[in-house]
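Student: My file is my_file_10.cif. It has mmCIF, C-alpha atoms and all ligand atoms:
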data_start
loop_
_atom_site.label_atom_id
_atom_site.label_comp_id
_atom_site.auth_asym_id
_atom_site.auth_seq_id
_atom_site.Cartn_x
_atom_site.Cartn_y
_atom_site.Cartn_z
CA MET O 1 81.87 96.07 93.88
CA GLU O 2 84.08 93.02 93.45
CA VAL O 3 85.48 91.05 96.37
CA ILE O 4 88.68 89.06 95.96
CA ILE O 5 89.53 86.60 98.74
CA ARG O 6 93.18 85.54 99.03
CA ALA O 7 94.43 82.80 101.31
CA HIS O 8 96.46 85.01 103.60
CA ARG O 9 97.61 88.54 104.28
CA GLU O 10 100.76 88.27 102.20
CA ALA O 11 98.83 87.26 99.05
CA ALA O 12 96.16 89.97 99.55
CA THR O 13 98.84 92.60 100.06
CA LYS O 14 100.83 91.45 97.05
CA LEU O 15 97.79 91.67 94.77
CA THR O 16 97.01 95.18 96.04
CA ALA O 17 100.57 96.34 95.35
CA GLN O 18 100.41 94.70 91.92
CA ILE O 19 97.22 96.59 91.00
CA ILE O 20 98.89 99.88 91.96
CA ALA O 21 102.05 98.99 90.03
CA ASP O 22 100.04 98.04 86.92
CA ALA O 23 98.11 101.31 87.06
CA LEU O 24 101.37 103.23 87.35
CA LYS O 25 102.93 101.40 84.41
CA LYS O 26 99.85 102.08 82.30
CA LYS O 27 99.73 105.78 83.30
CA PRO O 28 103.09 107.05 84.60
CA ASN O 29 101.56 110.39 85.64
CA LEU O 30 98.92 108.63 87.74
CA THR O 31 97.19 110.56 90.53
CA LEU O 32 97.20 108.10 93.38
CA GLY O 33 95.16 108.38 96.58
CA LEU O 34 96.95 106.85 99.57
CA ALA O 35 96.07 105.55 103.01
CA THR O 36 98.17 104.95 106.12
CA GLY O 37 97.80 102.42 108.95
CA SER O 38 99.32 99.05 109.72
CA THR O 39 97.55 97.26 106.83
CA MET O 40 99.32 99.47 104.30
CA GLU O 41 102.88 99.10 105.62
CA MET O 42 103.42 95.89 103.67
CA VAL O 43 101.84 97.32 100.50
CA TYR O 44 104.35 100.16 100.56
CA SER O 45 107.28 97.86 101.26
CA LYS O 46 106.24 95.78 98.22
CA LEU O 47 106.02 98.90 96.03
CA ALA O 48 109.46 100.00 97.26
CA GLU O 49 110.79 96.54 96.41
CA MET O 50 109.28 96.76 92.91
CA HIS O 51 110.92 100.15 92.47
CA LYS O 52 114.29 98.70 93.48
CA LYS O 53 114.14 95.41 91.60
CA GLU O 54 111.93 96.21 88.59
CA ASN O 55 112.49 99.96 88.25
CA LEU O 56 108.85 100.76 88.99
CA ASP O 57 108.87 104.47 88.21
CA PHE O 58 107.19 107.02 90.49
CA SER O 59 108.88 110.08 88.97
CA LEU O 60 105.72 111.46 87.34
CA CYS O 61 103.23 110.16 89.90
CA LYS O 62 101.24 112.54 92.15
CA THR O 63 99.87 111.38 95.48
CA PHE O 64 97.15 112.61 97.81
CA ASN O 65 96.76 111.04 101.24
CA LEU O 66 93.36 110.62 102.78
CA ASP O 67 94.06 112.22 106.10
CA GLU O 68 96.37 113.77 108.67
CA TYR O 69 96.12 114.40 112.40
CA ILE O 70 95.60 117.97 113.55
CA GLY O 71 98.51 119.47 115.48
CA LEU O 72 101.31 117.05 114.58
CA PRO O 73 104.26 118.47 112.61
CA PRO O 74 105.79 116.30 109.84
CA GLU O 75 108.76 115.36 112.02
CA ASN O 76 106.48 113.89 114.69
CA LYS O 77 106.64 110.09 114.42
CA GLY O 78 102.88 109.83 114.85
CA SER O 79 102.10 112.10 111.90
CA TYR O 80 100.98 110.58 108.63
CA ARG O 81 103.58 112.66 106.75
CA TYR O 82 106.27 110.95 108.81
CA TYR O 83 104.66 107.54 108.12
CA MET O 84 104.49 108.16 104.35
CA ASN O 85 108.09 109.34 104.15
CA LYS O 86 109.24 106.33 106.14
CA TYR O 87 107.26 103.60 104.38
CA LEU O 88 107.04 104.89 100.80
CA PHE O 89 108.26 108.31 99.71
CA ASN O 90 111.86 107.94 100.96
CA ASN O 91 112.13 104.53 99.30
CA VAL O 92 110.98 105.31 95.74
CA ASN O 93 111.84 107.95 93.14
CA ILE O 94 108.83 110.17 93.79
CA ASP O 95 109.29 113.95 93.64
CA PRO O 96 108.45 115.16 97.19
CA ARG O 97 106.68 118.16 95.62
CA ASN O 98 104.19 115.72 94.08
CA THR O 99 103.25 114.21 97.45
CA HIS O 100 100.34 115.77 99.30
CA LEU O 101 98.74 115.34 102.70
CA PRO O 102 96.28 117.74 104.31
CA ASN O 103 98.26 120.13 106.53
CA GLY O 104 97.07 119.54 110.08
CA MET O 105 99.31 122.40 111.27
CA ALA O 106 97.60 125.03 109.09
CA GLY O 107 96.50 128.19 110.88
CA ASP O 108 93.19 128.20 109.03
CA LEU O 109 92.05 124.58 108.82
CA SER O 110 88.90 125.32 106.80
CA ALA O 111 90.96 127.16 104.17
CA GLU O 112 93.42 124.25 104.15
CA CYS O 113 90.59 121.80 103.39
CA ILE O 114 89.35 123.90 100.47
CA HIS O 115 92.93 124.21 99.21
CA TYR O 116 93.36 120.41 99.39
CA GLU O 117 90.18 119.79 97.40
CA ASN O 118 91.38 122.32 94.80
CA LEU O 119 94.77 120.60 94.50
CA ILE O 120 93.06 117.26 93.86
CA GLU O 121 90.85 118.84 91.22
CA GLU O 122 93.80 120.60 89.54
CA SER O 123 95.61 117.27 89.30
CA GLY O 124 92.70 115.93 87.25
CA GLY O 125 91.12 113.98 90.14
CA ILE O 126 92.23 110.75 91.77
CA ASP O 127 92.76 107.91 89.29
CA LEU O 128 93.16 105.17 91.86
CA GLN O 129 92.37 105.46 95.58
CA LEU O 130 93.81 102.99 98.06
CA LEU O 131 91.71 102.41 101.19
CA GLY O 132 91.79 100.48 104.45
CA ILE O 133 88.85 100.20 106.83
CA GLY O 134 88.85 101.18 110.49
CA ARG O 135 87.07 99.21 113.20
CA SER O 136 84.51 102.03 113.35
CA GLY O 137 83.78 101.43 109.65
CA HIS O 138 85.64 104.56 108.65
CA ILE O 139 87.42 105.14 105.35
CA GLY O 140 89.96 107.91 105.74
CA PHE O 141 88.81 109.36 109.06
CA ASN O 142 85.15 109.49 108.03
CA GLU O 143 83.68 108.32 111.27
CA PRO O 144 80.05 107.13 111.65
CA LEU O 145 77.45 109.63 110.42
CA SER O 146 79.85 111.26 107.97
CA ALA O 147 77.71 112.57 105.13
CA PHE O 148 78.13 110.66 101.90
CA ARG O 149 78.52 114.03 100.15
CA SER O 150 81.14 115.30 102.61
CA ARG O 151 84.36 116.88 101.34
CA THR O 152 87.76 117.35 103.01
CA ARG O 153 87.14 118.71 106.50
CA GLU O 154 87.98 118.53 110.19
CA LYS O 155 86.62 115.48 111.99
CA ALA O 156 86.54 114.38 115.64
CA LEU O 157 87.72 110.78 116.09
CA THR O 158 85.55 108.16 117.79
CA PRO O 159 86.63 106.28 120.95
CA VAL O 160 86.89 103.13 118.76
CA THR O 161 89.40 104.84 116.46
CA ILE O 162 91.32 106.35 119.37
CA ALA O 163 91.56 102.84 120.91
CA GLN O 164 92.68 101.43 117.52
CA ASN O 165 95.42 103.98 116.84
CA SER O 166 96.66 105.27 120.21
CA PRO O 167 98.89 102.20 120.84
CA LEU O 168 100.92 103.38 117.82
CA PHE O 169 102.04 106.45 119.80
CA ASP O 170 104.91 106.29 122.31
CA LYS O 171 102.54 107.85 124.79
CA PRO O 172 98.98 106.78 123.81
CA GLU O 173 97.55 109.96 125.37
CA ASP O 174 99.52 111.98 122.79
CA MET O 175 97.30 110.78 119.95
CA PRO O 176 95.36 113.77 118.56
CA LYS O 177 91.61 113.45 118.87
CA ARG O 178 90.91 115.41 115.69
CA ALA O 179 92.05 115.06 112.09
CA LEU O 180 91.62 116.47 108.62
CA THR O 181 90.20 113.92 106.21
CA MET O 182 88.99 113.71 102.65
CA GLY O 183 85.20 113.39 102.76
CA VAL O 184 83.21 110.36 101.69
CA GLY O 185 82.16 112.43 98.65
CA THR O 186 85.82 113.18 97.84
CA ILE O 187 86.62 109.46 98.00
CA LEU O 188 83.61 108.53 95.86
CA ASP O 189 84.82 110.96 93.17
CA SER O 190 87.92 108.76 92.61
CA LYS O 191 87.86 107.01 89.27
CA ARG O 192 88.76 103.65 90.77
CA ILE O 193 89.07 102.34 94.34
CA VAL O 194 90.97 99.42 95.87
CA MET O 195 90.28 98.59 99.50
CA LEU O 196 92.56 96.15 101.34
CA VAL O 197 91.25 94.51 104.51
CA THR O 198 93.08 91.83 106.49
CA GLY O 199 92.76 90.15 109.86
CA LYS O 200 89.96 88.65 111.99
CA GLU O 201 89.44 91.88 113.90
CA LYS O 202 88.07 93.44 110.68
CA ALA O 203 85.71 90.55 109.76
CA ALA O 204 82.55 91.99 111.36
CA ILE O 205 82.95 95.55 110.06
CA LEU O 206 83.93 94.30 106.59
CA ALA O 207 80.75 92.22 106.35
CA LYS O 208 78.69 95.28 107.34
CA ALA O 209 80.47 97.49 104.79
CA VAL O 210 80.23 95.07 101.87
CA GLU O 211 77.00 93.17 102.46
CA GLY O 212 75.11 95.31 104.94
CA PRO O 213 72.77 98.21 104.21
CA VAL O 214 74.23 101.42 102.84
CA THR O 215 74.26 103.64 105.89
CA ALA O 216 76.14 106.67 107.19
CA MET O 217 76.68 104.62 110.37
CA VAL O 218 79.24 102.61 108.35
CA SER O 219 81.07 105.04 106.07
CA ALA O 220 82.69 102.24 104.07
CA SER O 221 79.23 101.03 102.98
CA ALA O 222 79.17 104.12 100.72
CA LEU O 223 81.57 102.18 98.48
CA GLN O 224 78.58 100.10 97.36
CA LEU O 225 77.52 103.21 95.43
CA HIS O 226 80.76 103.42 93.43
CA PRO O 227 80.94 101.64 90.07
CA LYS O 228 84.60 100.60 90.22
CA VAL O 229 85.59 99.20 93.59
CA VAL O 230 87.68 96.11 94.28
CA VAL O 231 87.85 94.87 97.87
CA ILE O 232 90.82 92.59 98.48
CA VAL O 233 90.68 90.54 101.67
CA ASP O 234 92.39 87.61 103.35
CA GLU O 235 90.50 84.55 104.68
CA ASP O 236 90.51 85.96 108.21
CA ALA O 237 88.79 89.18 107.20
CA ALA O 238 86.40 87.27 104.89
CA GLU O 239 85.18 85.06 107.72
CA MET O 240 81.76 86.71 108.14
CA LEU O 241 80.91 87.36 104.48
CA GLN O 242 77.69 85.57 103.40
CA GLU O 243 78.45 85.32 99.69
CA LYS O 244 82.01 84.03 99.87
CA SER O 245 81.44 81.13 97.47
CA TYR O 246 79.98 83.48 94.86
CA TYR O 247 83.00 85.83 95.09
CA ARG O 248 85.36 82.88 94.76
CA TRP O 249 83.40 81.45 91.82
CA ILE O 250 83.60 84.74 89.92
CA PHE O 251 87.30 85.09 90.54
CA ASP O 252 88.04 81.48 89.57
CA ASN O 253 85.77 81.26 86.54
CA GLU O 254 85.93 84.58 84.76
CA PRO O 255 88.80 84.27 82.28
CA ASP O 256 91.62 86.66 83.09
CA TRP O 257 89.32 88.28 85.59
CA LEU O 258 89.73 92.05 85.32
CA GLY O 259 93.34 91.26 84.55
CA TYR O 260 94.11 90.69 88.25
CA LYS O 261 95.28 87.09 88.03
C1 LIG O 301 94.45 106.12 107.48
C2 LIG O 301 93.16 105.65 107.01
C3 LIG O 301 92.34 104.73 107.87
C4 LIG O 301 92.94 103.32 107.96
C5 LIG O 301 92.13 102.44 108.88
C6 LIG O 301 92.73 101.06 109.04
O1 LIG O 301 95.06 106.95 106.52
O2 LIG O 301 92.75 106.00 105.97
O3 LIG O 301 91.04 104.67 107.36
O4 LIG O 301 93.01 102.76 106.67
O5 LIG O 301 92.01 103.02 110.14
O6 LIG O 301 93.94 101.15 109.74
P1 LIG O 301 94.82 99.86 110.06
O7 LIG O 301 95.36 99.39 108.77
O8 LIG O 301 95.90 100.38 110.97
O9 LIG O 301 93.92 98.86 110.70
#
Could you spell out this file's structure in structure tokens?
Ligand code: F6R
Tutor:
Amino acid sequence: MEVIIRAHREAATKLTAQIIADALKKKPNLTLGLATGSTMEMVYSKLAEMHKKENLDFSLCKTFNLDEYIGLPPENKGSYRYYMNKYLFNNVNIDPRNTHLPNGMAGDLSAECIHYENLIEESGGIDLQLLGIGRSGHIGFNEPLSAFRSRTREKALTPVTIAQNSPLFDKPEDMPKRALTMGVGTILDSKRIVMLVTGKEKAAILAKAVEGPVTAMVSASALQLHPKVVVIVDEDAAEMLQEKSYYRWIFDNEPDWLGYK
């Protein structure tokens, strides 16, 4: 795991978008794993800007989102399909048929989860997975005690996550309490992972995920087991990391460090 600390949110977000853009330029038919949430809004607006100004091409790209609420149709403003259309898909030249989210409206949710895993496999697996972290330590909606070998499945959301996300709904009580999410095992199967974490309110959980013990109580700590993870953070989120000076030293002293500079 590599940790890159940028001075502020804007710089951390820009670097994240740049990594995605570079991967897409290198492999136009990239299979990209996507996340939603407030942290990602700016990443998607940067990608849309790159599409507009630099012709960043999404025409061959396939996407798989981490998760979707159960019971919200795509036209519901709280659904992740609505979010993705609004912040990314409607603003770039992606073929809508190449964009995938688990269908939280499916009659048979277990069959839908198996179908989703099969689609990912048929696409050759996820080349690059974008992640945020929730205050509960979740990645996707893998709440505490999610098995590290879990696959796409139905998950009940914790009170911490409901408190985090319900203000995003017109009526907070309308937020679904259950979701479909890729499993921790599904995420760990990605070839490469970039996690973006910004803001003071994430400092404590980020420190647990990156420097704490690997434990199912903090799903994001499973990323310590993956050989190719970059965690991009701003100073606010980095506040409680013990080894900050080491991470900075590596970034500043390794020539052309991983090509991210
Ligand atoms: C949503 C997802 C979640 C979010 C996390 C952080 O698709 O995967 O794990 O990344 O809850 O959300 P924000 O950015 O709103 O703090």
Student: In the coordinate frame of the file, compute which residues have an atom within 12 Å of (102.2, 97.1, 86.2) when using all atoms listed in the file, and state them as an mmCIF file with C-alpha atoms, keeping the file's coordinate frame.
Tutor:
data_model
loop_
_atom_site.group_PDB
_atom_site.id
_atom_site.type_symbol
_atom_site.label_atom_id
_atom_site.label_comp_id
_atom_site.auth_asym_id
_atom_site.auth_seq_id
_atom_site.Cartn_x
_atom_site.Cartn_y
_atom_site.Cartn_z
ATOM 1 C CA LEU O 15 97.790 91.670 94.770
ATOM 2 C CA THR O 16 97.010 95.180 96.040
ATOM 3 C CA ALA O 17 100.570 96.340 95.350
ATOM 4 C CA GLN O 18 100.410 94.700 91.920
ATOM 5 C CA ILE O 19 97.220 96.590 91.000
ATOM 6 C CA ILE O 20 98.890 99.880 91.960
ATOM 7 C CA ALA O 21 102.050 98.990 90.030
ATOM 8 C CA ASP O 22 100.040 98.040 86.920
ATOM 9 C CA ALA O 23 98.110 101.310 87.060
ATOM 10 C CA LEU O 24 101.370 103.230 87.350
ATOM 11 C CA LYS O 25 102.930 101.400 84.410
ATOM 12 C CA LYS O 26 99.850 102.080 82.300
ATOM 13 C CA LYS O 27 99.730 105.780 83.300
ATOM 14 C CA PRO O 28 103.090 107.050 84.600
ATOM 15 C CA LEU O 47 106.020 98.900 96.030
ATOM 16 C CA MET O 50 109.280 96.760 92.910
ATOM 17 C CA HIS O 51 110.920 100.150 92.470
ATOM 18 C CA GLU O 54 111.930 96.210 88.590
ATOM 19 C CA ASN O 55 112.490 99.960 88.250
ATOM 20 C CA LEU O 56 108.850 100.760 88.990
ATOM 21 C CA ASP O 57 108.870 104.470 88.210
ATOM 22 C CA PHE O 58 107.190 107.020 90.490
ATOM 23 C CA GLY O 259 93.340 91.260 84.550
ATOM 24 C CA TYR O 260 94.110 90.690 88.250
#
Student: Would you compute the distance between atom CA of Glu154 of chain O and atom CA of Ala179 of chain O? Give it in Å to one decimal.
Tutor: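 Going from atom CA of Glu154 of chain O over to atom CA of Ala179 of chain O covers 5.7 Å.
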Student: Write out as a tab-separated table a residue-level contact list of chain O versus ligand LIG 301 (chain O) with cut-off 8 Å: for each qualifying residue the closest pair of atoms and the distance in Å to one decimal, counting all atoms listed in the file, rows sorted by chain and residue number upward.
Tutor:
residue	atom	partner	partner_atom	distance
O:Leu34	CA	O:LIG301	O1	7.2
O:Ala35	CA	O:LIG301	O1	3.9
O:Thr36	CA	O:LIG301	O1	3.7
O:Gly37	CA	O:LIG301	O8	3.4
O:Ser38	CA	O:LIG301	O8	3.9
O:Thr39	CA	O:LIG301	O7	3.6
O:Met40	CA	O:LIG301	O7	6.0
O:Asn65	CA	O:LIG301	O1	6.9
O:Leu66	CA	O:LIG301	O1	5.5
O:Asp67	CA	O:LIG301	O1	5.4
O:Glu68	CA	O:LIG301	O1	7.3
O:Tyr80	CA	O:LIG301	O1	7.3
O:Leu131	CA	O:LIG301	O4	5.6
O:Gly132	CA	O:LIG301	O4	3.4
O:Ile133	CA	O:LIG301	C5	4.5
O:Gly134	CA	O:LIG301	O5	3.7
O:Arg135	CA	O:LIG301	O5	6.9
O:His138	CA	O:LIG301	O3	5.6
O:Ile139	CA	O:LIG301	O3	4.2
O:Gly140	CA	O:LIG301	O2	3.4
O:Phe141	CA	O:LIG301	O3	5.5
O:Asn142	CA	O:LIG301	O3	7.6
O:Thr161	CA	O:LIG301	O5	7.1
O:Gln164	CA	O:LIG301	O8	7.4
O:Asn165	CA	O:LIG301	O8	6.9
O:Val197	CA	O:LIG301	O7	7.7
O:Lys202	CA	O:LIG301	O9	8.0
Student: Ranking O:Lys228, O:Asn118, O:Ala237, O:Glu173 by minimum distance to Gly199 of chain O and counting only C-alpha atoms, which one comes first?
Tutor: O:Ala237
Student: Could you tell me which of O:Ile114, O:Ala207, O:Ile250, O:Leu32 comes closest to Leu130 of chain O if we count only C-alpha atoms?
Tutor: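 Nearest to Leu130 of chain O: O:Leu32.
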Student: Please, what distance in Å, to one decimal, runs between atom CA of Thr198 of chain O and atom CA of Lys177 of chain O?
Tutor: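 Going from atom CA of Thr198 of chain O over to atom CA of Lys177 of chain O covers 25.0 Å.
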Student: Choose the residue, out of O:Gly212, O:Pro144, O:Pro73, O:Pro227, that has the smallest atom-to-atom separation from Leu241 of chain O; count all atoms listed in the file.
Tutor: O:Gly212
Student: Would you mind telling me which residue in O:Thr13, O:Thr99, O:Ser146, O:Gln242 lies nearest to Met42 of chain O when using only C-alpha atoms?
Tutor: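 Going through O:Thr13, O:Thr99, O:Ser146, O:Gln242 one by one, the smallest distance to Met42 of chain O is for O:Thr13.
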Student: Within 7 Å of (88.2, 116.9, 93.2), in the coordinates the file gives, what residues turn up when you count all atoms listed in the file, written out as a ChimeraX atom specification?
Tutor: /O:117-118,120-121,125,186,189
Student: Between O:Leu30, O:Val3, O:Ala111, O:Leu157, single out the one closest to Asn98 of chain O, counting only C-alpha atoms.
Tutor: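 The shortest atom-to-atom distance to Asn98 of chain O comes from O:Leu30.
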Student: Please enclose the listed atoms of segment 26-44 of chain O in an axis-aligned box, pad each side by 5 Å, and write out the centre and the three edge lengths in Å, rounded to one decimal, as lines of an AutoDock Vina configuration file.
Tutor:
center_x = 99.8
center_y = 103.2
center_z = 96.0
size_x = 19.2
size_y = 24.7
size_z = 37.4
Student: Could you check how far atom CA of Ala216 of chain O sits from atom CA of Thr63 of chain O, in Å to one decimal?
Tutor: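 The value is 26.9 Å.
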Student: Looking at O:Val214, O:Ile205, O:Met195, O:Leu168, which one is nearest to Ala12 of chain O, with distances taken over only C-alpha atoms?
Tutor: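 That would be O:Met195, the residue with the smallest distance to Ala12 of chain O.
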Student: Got a sec: who's within 7 Å of Arg192 of chain O, counting only C-alpha atoms, leaving out chain neighbours fewer than 4 positions off, as a PyMOL selection string?
Tutor: chain O and resi 127-129+228-229
Student: Which residues come within 10 Å of Lys77 of chain O, counting only C-alpha atoms, excluding same-chain residues fewer than 5 positions away, as a ChimeraX atom specification?
Tutor: /O:72,82-83,86,168-170
Student: Would you pick out the contacts of Ala7 of chain O at 10 Å or less, using all atoms listed in the file, so that residues sharing its chain but fewer than 5 positions from it are not included, and give the list as an mmCIF file with C-alpha atoms, keeping the file's coordinate frame?
Tutor:
data_model
loop_
_atom_site.group_PDB
_atom_site.id
_atom_site.type_symbol
_atom_site.label_atom_id
_atom_site.label_comp_id
_atom_site.auth_asym_id
_atom_site.auth_seq_id
_atom_site.Cartn_x
_atom_site.Cartn_y
_atom_site.Cartn_z
ATOM 1 C CA ALA O 12 96.160 89.970 99.550
ATOM 2 C CA VAL O 233 90.680 90.540 101.670
ATOM 3 C CA ASP O 234 92.390 87.610 103.350
ATOM 4 C CA GLU O 235 90.500 84.550 104.680
ATOM 5 C CA ASP O 236 90.510 85.960 108.210
ATOM 6 C CA ALA O 238 86.400 87.270 104.890
#
Student: What lies within 8 Å of Val184 of chain O using all atoms listed in the file, ignoring chain neighbours under 2 positions off, as a list in words?
Tutor: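 Counting all atoms listed in the file, the residues come to Ile139, Asn142, Ser146, Ala147, Phe148, Arg149, Ser150, Arg151, Met182, Thr186, Ile187, Leu188, Ser219 and Ala222 of chain O.
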Student: Next, write the just-selected residues to a file, as an mmCIF file, in the coordinates of the input, keeping C-alpha atoms as the atom set.
Tutor:
data_model
loop_
_atom_site.group_PDB
_atom_site.id
_atom_site.type_symbol
_atom_site.label_atom_id
_atom_site.label_comp_id
_atom_site.auth_asym_id
_atom_site.auth_seq_id
_atom_site.Cartn_x
_atom_site.Cartn_y
_atom_site.Cartn_z
ATOM 1 C CA ILE O 139 87.420 105.140 105.350
ATOM 2 C CA ASN O 142 85.150 109.490 108.030
ATOM 3 C CA SER O 146 79.850 111.260 107.970
ATOM 4 C CA ALA O 147 77.710 112.570 105.130
ATOM 5 C CA PHE O 148 78.130 110.660 101.900
ATOM 6 C CA ARG O 149 78.520 114.030 100.150
ATOM 7 C CA SER O 150 81.140 115.300 102.610
ATOM 8 C CA ARG O 151 84.360 116.880 101.340
ATOM 9 C CA MET O 182 88.990 113.710 102.650
ATOM 10 C CA THR O 186 85.820 113.180 97.840
ATOM 11 C CA ILE O 187 86.620 109.460 98.000
ATOM 12 C CA LEU O 188 83.610 108.530 95.860
ATOM 13 C CA SER O 219 81.070 105.040 106.070
ATOM 14 C CA ALA O 222 79.170 104.120 100.720
#
